[in-house]
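Participant: Okay, so here is protein_7.csv, and as you'll see once you scroll down, it has CSV, C-alpha atoms.
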```
chain,number,residue,atom,x,y,z
M,876,MET,CA,-36.6,-48.7,-60.6
M,877,ALA,CA,-38.3,-45.3,-61.1
M,878,THR,CA,-38.7,-43.1,-58.1
M,879,GLN,CA,-42.3,-42.5,-57.1
M,880,PRO,CA,-43.4,-38.9,-56.4
M,881,PRO,CA,-44.5,-38.1,-52.8
M,882,PRO,CA,-48.2,-38.6,-52.0
M,883,GLY,CA,-50.3,-35.5,-52.9
M,884,THR,CA,-48.0,-34.3,-55.7
M,885,PRO,CA,-50.1,-33.1,-58.7
M,886,PRO,CA,-49.6,-35.2,-61.8
M,887,SER,CA,-47.0,-34.0,-64.3
M,888,THR,CA,-48.1,-32.6,-67.6
M,889,PHE,CA,-45.0,-33.8,-69.4
M,890,SER,CA,-42.8,-36.9,-69.8
M,891,PRO,CA,-39.3,-37.4,-71.1
M,892,ILE,CA,-40.7,-38.7,-74.3
M,893,PRO,CA,-41.0,-37.5,-77.1
M,894,GLY,CA,-38.8,-34.4,-76.5
M,895,ILE,CA,-37.5,-32.3,-73.6
M,896,PHE,CA,-38.2,-29.0,-75.3
M,897,ASP,CA,-41.9,-29.9,-75.7
M,898,ASP,CA,-42.0,-30.9,-72.1
M,899,ALA,CA,-40.4,-27.5,-71.0
M,900,LEU,CA,-42.9,-25.5,-73.0
M,901,ALA,CA,-45.8,-27.5,-71.5
M,902,ALA,CA,-44.4,-26.9,-68.0
M,903,GLY,CA,-44.0,-23.2,-68.6
M,904,GLY,CA,-47.5,-23.0,-70.0
M,905,ALA,CA,-48.9,-24.7,-66.9
M,906,LEU,CA,-47.0,-22.3,-64.6
M,907,SER,CA,-48.3,-19.3,-66.4
M,908,GLN,CA,-51.9,-20.2,-66.0
M,909,PRO,CA,-53.7,-17.6,-63.8
M,910,ARG,CA,-53.8,-18.5,-60.1
M,911,ALA,CA,-55.4,-16.8,-57.1
M,912,ILE,CA,-54.1,-16.0,-53.6
M,913,LYS,CA,-56.4,-15.3,-50.7
M,914,ALA,CA,-56.2,-11.7,-49.7
M,915,THR,CA,-58.8,-12.2,-47.0
M,916,PRO,CA,-61.0,-15.1,-46.1
M,917,ASP,CA,-63.6,-13.6,-48.5
M,918,SER,CA,-61.5,-12.3,-51.3
M,919,SER,CA,-58.6,-13.3,-53.5
M,920,LYS,CA,-56.4,-11.6,-56.1
M,921,PRO,CA,-55.3,-13.4,-59.3
M,922,PHE,CA,-51.6,-13.6,-60.3
M,923,GLN,CA,-49.3,-15.4,-62.7
M,924,VAL,CA,-45.9,-17.1,-62.2
M,925,VAL,CA,-43.7,-16.5,-65.3
M,926,PRO,CA,-40.0,-17.2,-65.9
M,927,ARG,CA,-37.4,-14.6,-65.1
M,928,GLY,CA,-37.3,-11.8,-67.7
M,929,TRP,CA,-40.9,-12.3,-68.7
M,930,VAL,CA,-43.7,-9.7,-68.1
M,931,ILE,CA,-45.9,-10.2,-65.0
M,932,ASN,CA,-49.5,-9.4,-65.8
M,933,ASP,CA,-51.6,-8.0,-63.0
M,934,LEU,CA,-55.1,-9.4,-63.6
M,935,GLU,CA,-56.8,-7.3,-60.9
M,936,LYS,CA,-58.3,-5.1,-63.7
M,937,LEU,CA,-60.3,-8.1,-64.8
M,938,MET,CA,-62.1,-8.4,-61.5
M,939,PRO,CA,-65.5,-6.7,-60.9
M,940,ALA,CA,-63.9,-4.2,-58.5
M,941,PRO,CA,-60.4,-3.5,-57.0
M,942,GLN,CA,-59.4,-5.4,-53.9
M,943,ARG,CA,-58.6,-2.1,-52.0
M,944,ARG,CA,-58.8,1.6,-52.4
M,945,THR,CA,-55.7,3.5,-53.7
M,946,GLY,CA,-54.9,7.0,-54.9
M,947,ILE,CA,-54.9,10.5,-53.5
M,948,VAL,CA,-58.0,12.7,-53.3
M,949,GLN,CA,-57.0,16.4,-53.4
M,950,VAL,CA,-59.4,19.0,-52.0
M,951,MET,CA,-59.2,22.8,-51.9
M,952,ASP,CA,-61.1,23.8,-48.8
M,953,VAL,CA,-61.5,22.6,-45.2
M,954,GLY,CA,-65.1,21.7,-45.6
M,955,SER,CA,-64.4,19.3,-48.5
M,956,PHE,CA,-61.5,17.8,-46.6
M,957,ILE,CA,-63.8,17.0,-43.6
M,958,ALA,CA,-66.4,15.6,-46.0
M,959,VAL,CA,-63.9,13.1,-47.6
M,960,ILE,CA,-62.5,12.0,-44.2
M,961,THR,CA,-66.1,11.4,-42.9
M,962,ASP,CA,-66.9,9.3,-46.0
M,963,TYR,CA,-63.8,7.0,-45.8
M,964,LYS,CA,-62.5,7.0,-42.2
M,965,ASN,CA,-62.0,3.7,-40.4
M,966,GLU,CA,-59.9,2.3,-37.6
M,967,ALA,CA,-56.7,2.6,-39.6
M,968,THR,CA,-57.2,6.3,-40.5
M,969,ARG,CA,-54.7,8.9,-39.3
M,970,LEU,CA,-54.5,12.6,-39.9
M,971,TYR,CA,-51.2,14.5,-40.4
M,972,GLY,CA,-50.5,18.3,-40.6
M,973,ILE,CA,-47.6,20.6,-41.2
M,974,LYS,CA,-47.6,24.0,-39.5
M,975,PRO,CA,-45.8,26.9,-41.2
M,976,THR,CA,-42.1,27.5,-40.2
M,977,VAL,CA,-41.4,31.1,-39.3
M,978,VAL,CA,-38.0,32.7,-39.9
M,979,ARG,CA,-37.5,36.4,-39.1
M,980,GLY,CA,-41.2,37.0,-39.0
M,981,GLN,CA,-41.9,35.3,-42.4
M,982,ALA,CA,-43.6,31.9,-42.9
M,983,THR,CA,-41.2,29.9,-45.0
M,984,GLN,CA,-43.1,26.6,-45.1
M,985,ASP,CA,-46.6,26.2,-46.5
M,986,PRO,CA,-49.1,24.4,-44.2
M,987,THR,CA,-50.7,21.2,-45.5
M,988,MET,CA,-52.9,18.4,-44.1
M,989,THR,CA,-53.0,14.7,-45.2
M,990,ALA,CA,-55.4,11.9,-44.2
M,991,VAL,CA,-54.1,8.4,-44.6
M,992,PHE,CA,-57.0,5.9,-44.6
M,993,ASP,CA,-54.9,2.8,-44.6
M,994,ASP,CA,-52.1,3.8,-42.3
M,995,ASN,CA,-49.7,1.7,-40.2
M,996,ASN,CA,-50.9,1.2,-36.6
M,997,GLY,CA,-49.7,-0.6,-33.5
M,998,GLN,CA,-51.3,-3.9,-34.5
M,999,ALA,CA,-50.4,-4.2,-38.2
M,1000,ALA,CA,-48.6,-2.7,-41.2
M,1001,ALA,CA,-50.6,-1.2,-44.0
M,1002,TRP,CA,-50.0,0.1,-47.5
M,1003,GLY,CA,-50.7,3.8,-47.0
M,1004,GLN,CA,-51.8,4.2,-50.6
M,1005,PHE,CA,-55.3,5.7,-50.1
M,1006,ARG,CA,-55.1,9.3,-49.0
M,1007,ALA,CA,-56.7,12.7,-49.0
M,1008,PHE,CA,-54.5,15.8,-49.4
M,1009,TYR,CA,-55.4,19.4,-48.5
M,1010,PRO,CA,-52.7,21.9,-49.6
M,1011,MET,CA,-54.4,24.7,-47.7
M,1012,PRO,CA,-54.3,27.3,-50.6
M,1013,LEU,CA,-54.3,30.9,-49.5
M,1014,SER,CA,-57.3,33.0,-50.4
M,1015,PHE,CA,-57.5,35.6,-53.2
M,1016,GLU,CA,-57.9,38.4,-50.6
M,1017,TRP,CA,-54.9,37.3,-48.5
M,1018,ASN,CA,-52.7,37.1,-51.6
M,1019,GLU,CA,-53.8,40.6,-52.8
M,1020,TRP,CA,-52.8,42.2,-49.5
M,1021,SER,CA,-49.7,40.1,-49.1
M,1022,ALA,CA,-48.5,40.9,-52.6
M,1023,ARG,CA,-48.4,44.7,-51.8
M,1024,ASN,CA,-47.2,44.3,-48.2
M,1025,GLY,CA,-44.2,46.6,-47.6
M,1026,LYS,CA,-44.0,47.7,-51.2
M,1027,PRO,CA,-44.0,51.5,-51.9
M,1028,GLN,CA,-46.6,52.6,-54.5
M,1029,SER,CA,-47.3,55.8,-56.3
M,1030,GLN,CA,-50.0,58.0,-54.9
M,1031,GLU,CA,-52.4,56.9,-57.7
M,1032,ASP,CA,-51.6,53.1,-57.5
M,1033,PHE,CA,-52.1,53.1,-53.8
M,1034,ALA,CA,-55.4,54.9,-54.0
M,1035,LEU,CA,-56.7,52.5,-56.7
M,1036,PHE,CA,-55.8,49.5,-54.6
M,1037,MET,CA,-57.5,50.9,-51.6
M,1038,GLU,CA,-60.6,51.6,-53.6
M,1039,ASP,CA,-60.7,48.0,-54.9
M,1040,ARG,CA,-60.2,46.5,-51.4
M,1041,TYR,CA,-61.9,49.0,-49.1
M,1042,LEU,CA,-64.6,46.5,-48.1
M,1043,ASP,CA,-61.8,44.4,-46.4
M,1044,VAL,CA,-61.2,47.3,-44.0
M,1045,ILE,CA,-63.0,47.2,-40.6
M,1046,GLU,CA,-61.1,50.0,-38.8
M,1047,PRO,CA,-61.8,52.8,-39.6
M,1048,SER,CA,-65.0,51.9,-41.3
M,1049,ALA,CA,-65.0,50.8,-45.0
M,1050,ALA,CA,-66.9,54.0,-45.9
M,1051,ASP,CA,-64.3,56.1,-44.2
M,1052,MET,CA,-61.4,54.3,-45.9
M,1053,LEU,CA,-63.1,54.7,-49.3
M,1054,GLU,CA,-63.3,58.4,-48.7
M,1055,VAL,CA,-59.6,58.5,-47.8
M,1056,SER,CA,-58.7,56.6,-51.0
M,1057,ARG,CA,-60.8,59.0,-53.1
M,1058,SER,CA,-59.2,62.0,-51.5
M,1059,ILE,CA,-55.7,60.6,-52.3
M,1060,SER,CA,-56.8,59.9,-55.9
M,1061,ALA,CA,-58.3,63.3,-56.4
M,1062,VAL,CA,-55.2,65.2,-55.5
M,1063,ARG,CA,-53.0,65.1,-58.6
M,1064,GLY,CA,-50.4,67.5,-60.0
M,1065,VAL,CA,-49.4,68.7,-56.5
M,1066,SER,CA,-46.2,69.0,-54.6
M,1067,PHE,CA,-46.4,67.7,-51.1
M,1068,LYS,CA,-44.6,69.9,-48.6
M,1069,LYS,CA,-44.7,68.3,-45.2
M,1070,VAL,CA,-46.4,65.7,-43.0
M,1071,VAL,CA,-47.8,66.3,-39.6
M,1072,HIS,CA,-48.6,63.6,-37.1
M,1073,LEU,CA,-51.9,64.4,-35.4
M,1074,THR,CA,-52.8,63.5,-31.8
M,1075,SER,CA,-55.7,61.5,-33.2
M,1076,GLY,CA,-53.2,58.9,-34.6
M,1077,SER,CA,-53.5,60.1,-38.2
M,1078,ASN,CA,-51.1,61.7,-40.6
M,1079,GLN,CA,-51.8,65.0,-42.4
M,1080,PHE,CA,-50.2,65.6,-45.7
M,1081,SER,CA,-49.9,69.3,-46.8
M,1082,TYR,CA,-49.6,70.0,-50.5
M,1083,GLU,CA,-49.5,72.8,-53.1
M,1084,ASP,CA,-51.0,72.7,-56.5
M,1085,THR,CA,-48.2,72.8,-59.2
M,1086,ILE,CA,-50.4,72.8,-62.3
M,1087,GLN,CA,-51.7,76.3,-61.8
M,1088,ALA,CA,-49.5,79.4,-61.0
M,1089,SER,CA,-46.5,78.9,-58.9
M,1090,ALA,CA,-48.5,80.1,-55.9
M,1091,GLY,CA,-51.4,77.8,-56.5
M,1092,PRO,CA,-53.9,76.5,-54.0
M,1093,THR,CA,-52.8,74.5,-51.0
M,1094,GLY,CA,-54.6,71.9,-49.0
M,1095,THR,CA,-54.2,68.9,-46.8
M,1096,ILE,CA,-55.1,65.1,-46.8
M,1097,THR,CA,-55.6,63.3,-43.6
M,1098,VAL,CA,-55.1,59.5,-43.5
M,1099,PRO,CA,-55.0,57.0,-40.6
M,1100,GLU,CA,-51.6,55.8,-39.4
M,1101,LEU,CA,-53.1,52.4,-38.5
M,1102,PHE,CA,-56.0,50.5,-40.0
M,1103,LYS,CA,-57.3,46.9,-39.7
M,1104,ILE,CA,-58.5,44.5,-42.3
M,1105,ALA,CA,-60.5,41.2,-42.0
M,1106,VAL,CA,-59.9,38.7,-44.7
M,1107,PRO,CA,-60.0,34.9,-45.1
M,1108,VAL,CA,-56.5,33.4,-44.9
M,1109,PHE,CA,-57.4,30.1,-46.7
M,1110,GLN,CA,-59.8,29.6,-49.6
M,1111,GLY,CA,-63.3,29.0,-48.2
M,1112,GLY,CA,-62.2,29.7,-44.7
M,1113,GLY,CA,-63.2,32.2,-42.0
M,1114,ARG,CA,-62.0,35.8,-41.8
M,1115,PHE,CA,-59.2,36.9,-39.6
M,1116,ALA,CA,-58.3,40.4,-38.5
M,1117,VAL,CA,-54.9,41.8,-39.4
M,1118,LYS,CA,-53.5,45.2,-38.4
M,1119,ALA,CA,-51.6,47.3,-40.9
M,1120,ARG,CA,-49.4,50.4,-40.5
M,1121,LEU,CA,-49.6,53.1,-43.2
M,1122,ARG,CA,-46.2,54.2,-44.4
M,1123,TYR,CA,-45.1,57.1,-46.6
M,1124,ARG,CA,-42.1,58.8,-48.3
M,1125,LEU,CA,-41.6,62.2,-49.7
M,1126,ASP,CA,-38.9,62.7,-52.3
M,1127,ASN,CA,-37.1,65.9,-53.1
M,1128,ASN,CA,-39.6,66.8,-55.8
M,1129,GLY,CA,-42.5,66.6,-53.5
M,1130,ARG,CA,-43.8,63.3,-54.8
M,1131,LEU,CA,-45.6,61.1,-52.3
M,1132,SER,CA,-45.1,57.3,-52.1
M,1133,LEU,CA,-47.5,55.2,-49.9
M,1134,TRP,CA,-47.6,51.7,-48.7
M,1135,PHE,CA,-48.6,49.6,-45.7
M,1136,ASP,CA,-46.9,47.0,-43.5
M,1137,LEU,CA,-49.0,44.2,-42.2
M,1138,ILE,CA,-48.3,43.7,-38.6
M,1139,GLU,CA,-47.0,40.1,-37.8
M,1140,PRO,CA,-49.0,38.4,-40.6
M,1141,HIS,CA,-47.3,35.1,-39.8
M,1142,ARG,CA,-49.1,35.0,-36.5
M,1143,VAL,CA,-52.4,35.3,-38.3
M,1144,ILE,CA,-51.5,32.4,-40.5
M,1145,GLU,CA,-50.6,30.3,-37.4
M,1146,GLU,CA,-54.0,31.2,-35.9
M,1147,ALA,CA,-55.8,30.2,-39.1
M,1148,VAL,CA,-53.9,26.9,-39.3
M,1149,ASN,CA,-54.8,26.1,-35.6
M,1150,ASP,CA,-58.4,27.0,-36.4
M,1151,VAL,CA,-58.4,24.5,-39.4
M,1152,TRP,CA,-56.9,21.8,-37.2
M,1153,ASN,CA,-59.5,22.3,-34.6
M,1154,GLN,CA,-62.3,22.2,-37.1
M,1155,VAL,CA,-61.0,19.0,-38.7
M,1156,SER,CA,-60.4,17.2,-35.4
M,1157,ALA,CA,-63.8,18.2,-33.9
M,1158,SER,CA,-65.7,17.2,-37.1
M,1159,THR,CA,-64.0,13.9,-37.7
M,1160,MET,CA,-63.3,12.9,-34.0
M,1161,LEU,CA,-59.7,12.2,-35.0
M,1162,PRO,CA,-56.5,13.9,-33.6
M,1163,VAL,CA,-54.1,15.6,-35.9
M,1164,VAL,CA,-50.4,14.4,-35.8
M,1165,ASN,CA,-47.9,17.3,-36.2
M,1166,GLY,CA,-45.8,15.8,-39.0
M,1167,VAL,CA,-45.8,14.0,-42.3
M,1168,PRO,CA,-47.0,10.4,-43.0
M,1169,ALA,CA,-44.7,7.6,-43.9
M,1170,ALA,CA,-44.0,7.0,-47.6
M,1171,GLU,CA,-46.4,4.7,-49.5
M,1172,ARG,CA,-45.5,1.0,-49.5
M,1173,LYS,CA,-44.7,-0.3,-53.0
```
Have the structure of the file written as structure tokens, please.
Facilitator:
Amino acid sequence: MATQPPPGTPPSTFSPIPGIFDDALAAGGALSQPRAIKATPDSSKPFQVVPRGWVINDLEKLMPAPQRRTGIVQVMDVGSFIAVITDYKNEATRLYGIKPTVVRGQATQDPTMTAVFDDNNGQAAAWGQFRAFYPMPLSFEWNEWSARNGKPQSQEDFALFMEDRYLDVIEPSAADMLEVSRSISAVRGVSFKKVVHLTSGSNQFSYEDTIQASAGPTGTITVPELFKIAVPVFQGGGRFAVKARLRYRLDNNGRLSLWFDLIEPHRVIEEAVNDVWNQVSASTMLPVVNGVPAAERK
């Protein structure tokens, strides 16, 4: 006597007659028909069940819209980062930030910020696959000054750089600094003899013209020992003041080398990072976690 299937079992699509291979193919075909699983009470995602070693086809692309947001939005300034967070934030959104690591006065780790819109929380796990990333790129102005920080330059190269960037100088005035750079640029073919430190805080360079007769005209150039610039640290960000100390070197032939040392630039970067964090938190009403988010779930 044949065994009857339990109540509620769907009818079989095959029988032992005429052939077991035909029955297996029919069963496999029935299993591979698209099915749907409820993702939420109001939505479902199609899937297929296929034998081991076969390809599994994700049919979400056939739906009118994806079931959830995924991907990483990358922005290049703090205003855009705030705008994206404001558009997509929800109860599962969390902000993460990395502050620069300072070793021997140098920032060795670049700051970044990440918003995870579908992050894990105390109530439920989440995929963490929809994010906004802000790499906090440094501004052109900051890179220009940093690239020459602590690097001796010839008299001419230093003067050209200061003429190009004199508008960044706020102490002494930009006009005064432009005049200093032009004075340095104008004195060529001379032999510098000595440097006198003045009570005003400036350095006075004495020189003798070597193009004319051996006893050619002499003169002096006065430059500030300290000056201050104000530049944005990050692209699209506010300006921050940085002090710089003017350095010099005279070689045995009377040639003058000039450069500047930015004073504790890493502290300025730290201040700029804190300013960005405060802007983002105040604008989005979300705290910033000092750390990195968990890896995306696969």
Participant: Which residues are close to Glu1019 in chain M, i.e. within 12 Å by all atoms listed in the file, leaving aside same-chain residues fewer than 6 positions away? Reply as a compact mmCIF listing (two decimals) with C-alpha atoms, in the frame of the given file.
Facilitator:
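Writing the result to result.txt gives the following:
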```
# COMPACT_ATOMS: atom_id res chain seq x y z
CA LEU M 1013 -54.30 30.90 -49.50
CA PHE M 1036 -55.80 49.50 -54.60
CA MET M 1037 -57.50 50.90 -51.60
CA ASP M 1039 -60.70 48.00 -54.90
CA ARG M 1040 -60.20 46.50 -51.40
CA ASP M 1043 -61.80 44.40 -46.40
CA VAL M 1106 -59.90 38.70 -44.70
CA PRO M 1107 -60.00 34.90 -45.10
CA VAL M 1108 -56.50 33.40 -44.90
```
Participant: Counting all atoms listed in the file, which of M:Ile960, M:Leu1131, M:Val1044, M:Leu937 gets nearest to Trp1020 in chain M?
Facilitator: M:Val1044
Participant: Please list as a list in words every residue within 8 Å of Arg1120 in chain M, counting only C-alpha atoms and excluding residues in the same chain fewer than 6 positions away.
Facilitator: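 Answer for this query is Glu1100, Leu1101, Phe1102, Phe1135, Asp1136, Leu1137 and Ile1138 of chain M.
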Participant: Which of these residues is nearest to Ser1158 in chain M, using all atoms listed in the file: M:Phe956, M:Tyr1123, M:Phe1115, M:Phe1015?
Facilitator: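 That would be M:Phe956, the residue with the smallest distance to Ser1158 in chain M.
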Participant: Show which residues sit within 9 Å of range 984-988 of chain M, as a VMD selection string. Count only C-alpha atoms, and ignore same-chain residues fewer than 5 positions away.
Facilitator: chain M and resid 956 970 to 977 1007 to 1012 1148 1152 1163 1167
Participant: Provide the CA of Gly1112 in chain M to CA of Ala1157 in chain M distance in Å, to one decimal place.
Facilitator: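 Taking CA of Gly1112 in chain M and CA of Ala1157 in chain M, their separation equals 15.9 Å.
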Participant: Tell me which protein, DNA and RNA residues are within 12 Å of Phe992 in chain M, counting all atoms listed in the file, leaving out same-chain ones fewer than 4 positions away, and put them as number ranges by chain.
Facilitator: M: 943-948, 959-971, 996, 1001-1008, 1161, 1168, 1171
Participant: Excluding Ser1029 in chain M and any residue of its chain fewer than 5 positions from it, enumerate the residues within 9 Å of it, using all atoms listed in the file, and give them as a list in words.
Facilitator: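 Residues meeting the cut-off are Ala1034, Arg1130, Leu1131, Ser1132, Leu1133 and Trp1134 of chain M.
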Participant: Compare M:Arg1023, M:Arg1057, M:Arg1124, M:Lys936 by their minimum atom-to-atom distance to Tyr1041 in chain M, counting all atoms listed in the file, and give me the closest one.
Facilitator: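 Nearest candidate to Tyr1041 in chain M out of M:Arg1023, M:Arg1057, M:Arg1124, M:Lys936: M:Arg1057.
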Participant: Of the candidates M:Asp933, M:Asp1150, M:Glu1038, M:Glu1145, which shows the shortest atom-to-atom distance to Val953 in chain M, using only C-alpha atoms?
Facilitator: M:Asp1150
Participant: Using Å and a single decimal, report how far CA of Ala1050 in chain M sits from CA of Ala1147 in chain M.
Facilitator: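 CA of Ala1050 in chain M lies 27.1 Å from CA of Ala1147 in chain M.
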Participant: Between CA of Ala1049 in chain M and CA of Asp1032 in chain M, measure the distance and give it in Å to one decimal.
Facilitator: 18.5 Å
Participant: Of the residues M:Gln942, M:Ser1014, M:Lys1103, M:Gly1113, which is the one nearest to Gln1154 in chain M, using only C-alpha atoms?
Facilitator: M:Gly1113
Participant: Go through M:Val1143, M:Val1164, M:Leu1035, M:Val1151 and flag the residue nearest Gly954 in chain M, using all atoms listed in the file for the distances.
Facilitator: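 For Gly954 in chain M, the nearest of the candidates is M:Val1151.
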Participant: Mind rebuilding range 951-965 of chain M with N, CA, C and O atoms and writing that out as a CSV table (one decimal), keeping the file's coordinate frame?
Facilitator:
```
chain,number,residue,atom,x,y,z
M,951,MET,N,-59.7,21.4,-51.9
M,951,MET,CA,-59.2,22.8,-51.9
M,951,MET,C,-59.8,23.6,-50.8
M,951,MET,O,-59.5,24.8,-50.7
M,952,ASP,N,-60.6,23.1,-49.9
M,952,ASP,CA,-61.1,23.8,-48.8
M,952,ASP,C,-61.3,22.8,-47.6
M,952,ASP,O,-61.4,21.6,-47.8
M,953,VAL,N,-61.4,23.4,-46.4
M,953,VAL,CA,-61.5,22.6,-45.2
M,953,VAL,C,-62.8,21.8,-45.2
M,953,VAL,O,-62.8,20.6,-44.7
M,954,GLY,N,-63.9,22.4,-45.7
M,954,GLY,CA,-65.1,21.7,-45.6
M,954,GLY,C,-65.1,20.4,-46.5
M,954,GLY,O,-65.6,19.3,-46.1
M,955,SER,N,-64.5,20.5,-47.7
M,955,SER,CA,-64.4,19.3,-48.5
M,955,SER,C,-63.4,18.2,-47.9
M,955,SER,O,-63.7,17.0,-48.0
M,956,PHE,N,-62.4,18.7,-47.2
M,956,PHE,CA,-61.5,17.8,-46.6
M,956,PHE,C,-62.2,17.0,-45.5
M,956,PHE,O,-62.1,15.8,-45.4
M,957,ILE,N,-63.0,17.7,-44.7
M,957,ILE,CA,-63.8,17.0,-43.6
M,957,ILE,C,-64.8,16.0,-44.3
M,957,ILE,O,-65.0,14.9,-43.7
M,958,ALA,N,-65.4,16.4,-45.4
M,958,ALA,CA,-66.4,15.6,-46.0
M,958,ALA,C,-65.8,14.3,-46.5
M,958,ALA,O,-66.3,13.2,-46.3
M,959,VAL,N,-64.6,14.3,-47.1
M,959,VAL,CA,-63.9,13.1,-47.6
M,959,VAL,C,-63.5,12.2,-46.4
M,959,VAL,O,-63.7,11.0,-46.5
M,960,ILE,N,-62.9,12.8,-45.4
M,960,ILE,CA,-62.5,12.0,-44.2
M,960,ILE,C,-63.8,11.3,-43.6
M,960,ILE,O,-63.7,10.1,-43.3
M,961,THR,N,-64.9,12.0,-43.5
M,961,THR,CA,-66.1,11.4,-42.9
M,961,THR,C,-66.5,10.2,-43.8
M,961,THR,O,-67.0,9.2,-43.2
M,962,ASP,N,-66.4,10.3,-45.1
M,962,ASP,CA,-66.9,9.3,-46.0
M,962,ASP,C,-66.0,8.0,-45.8
M,962,ASP,O,-66.5,6.9,-45.9
M,963,TYR,N,-64.7,8.2,-45.7
M,963,TYR,CA,-63.8,7.0,-45.8
M,963,TYR,C,-63.1,6.6,-44.5
M,963,TYR,O,-62.4,5.6,-44.5
M,964,LYS,N,-63.3,7.3,-43.4
M,964,LYS,CA,-62.5,7.0,-42.2
M,964,LYS,C,-62.8,5.7,-41.7
M,964,LYS,O,-63.9,5.2,-41.8
M,965,ASN,N,-61.8,5.0,-41.0
M,965,ASN,CA,-62.0,3.7,-40.4
M,965,ASN,C,-61.0,3.6,-39.3
M,965,ASN,O,-60.3,4.6,-38.9
```
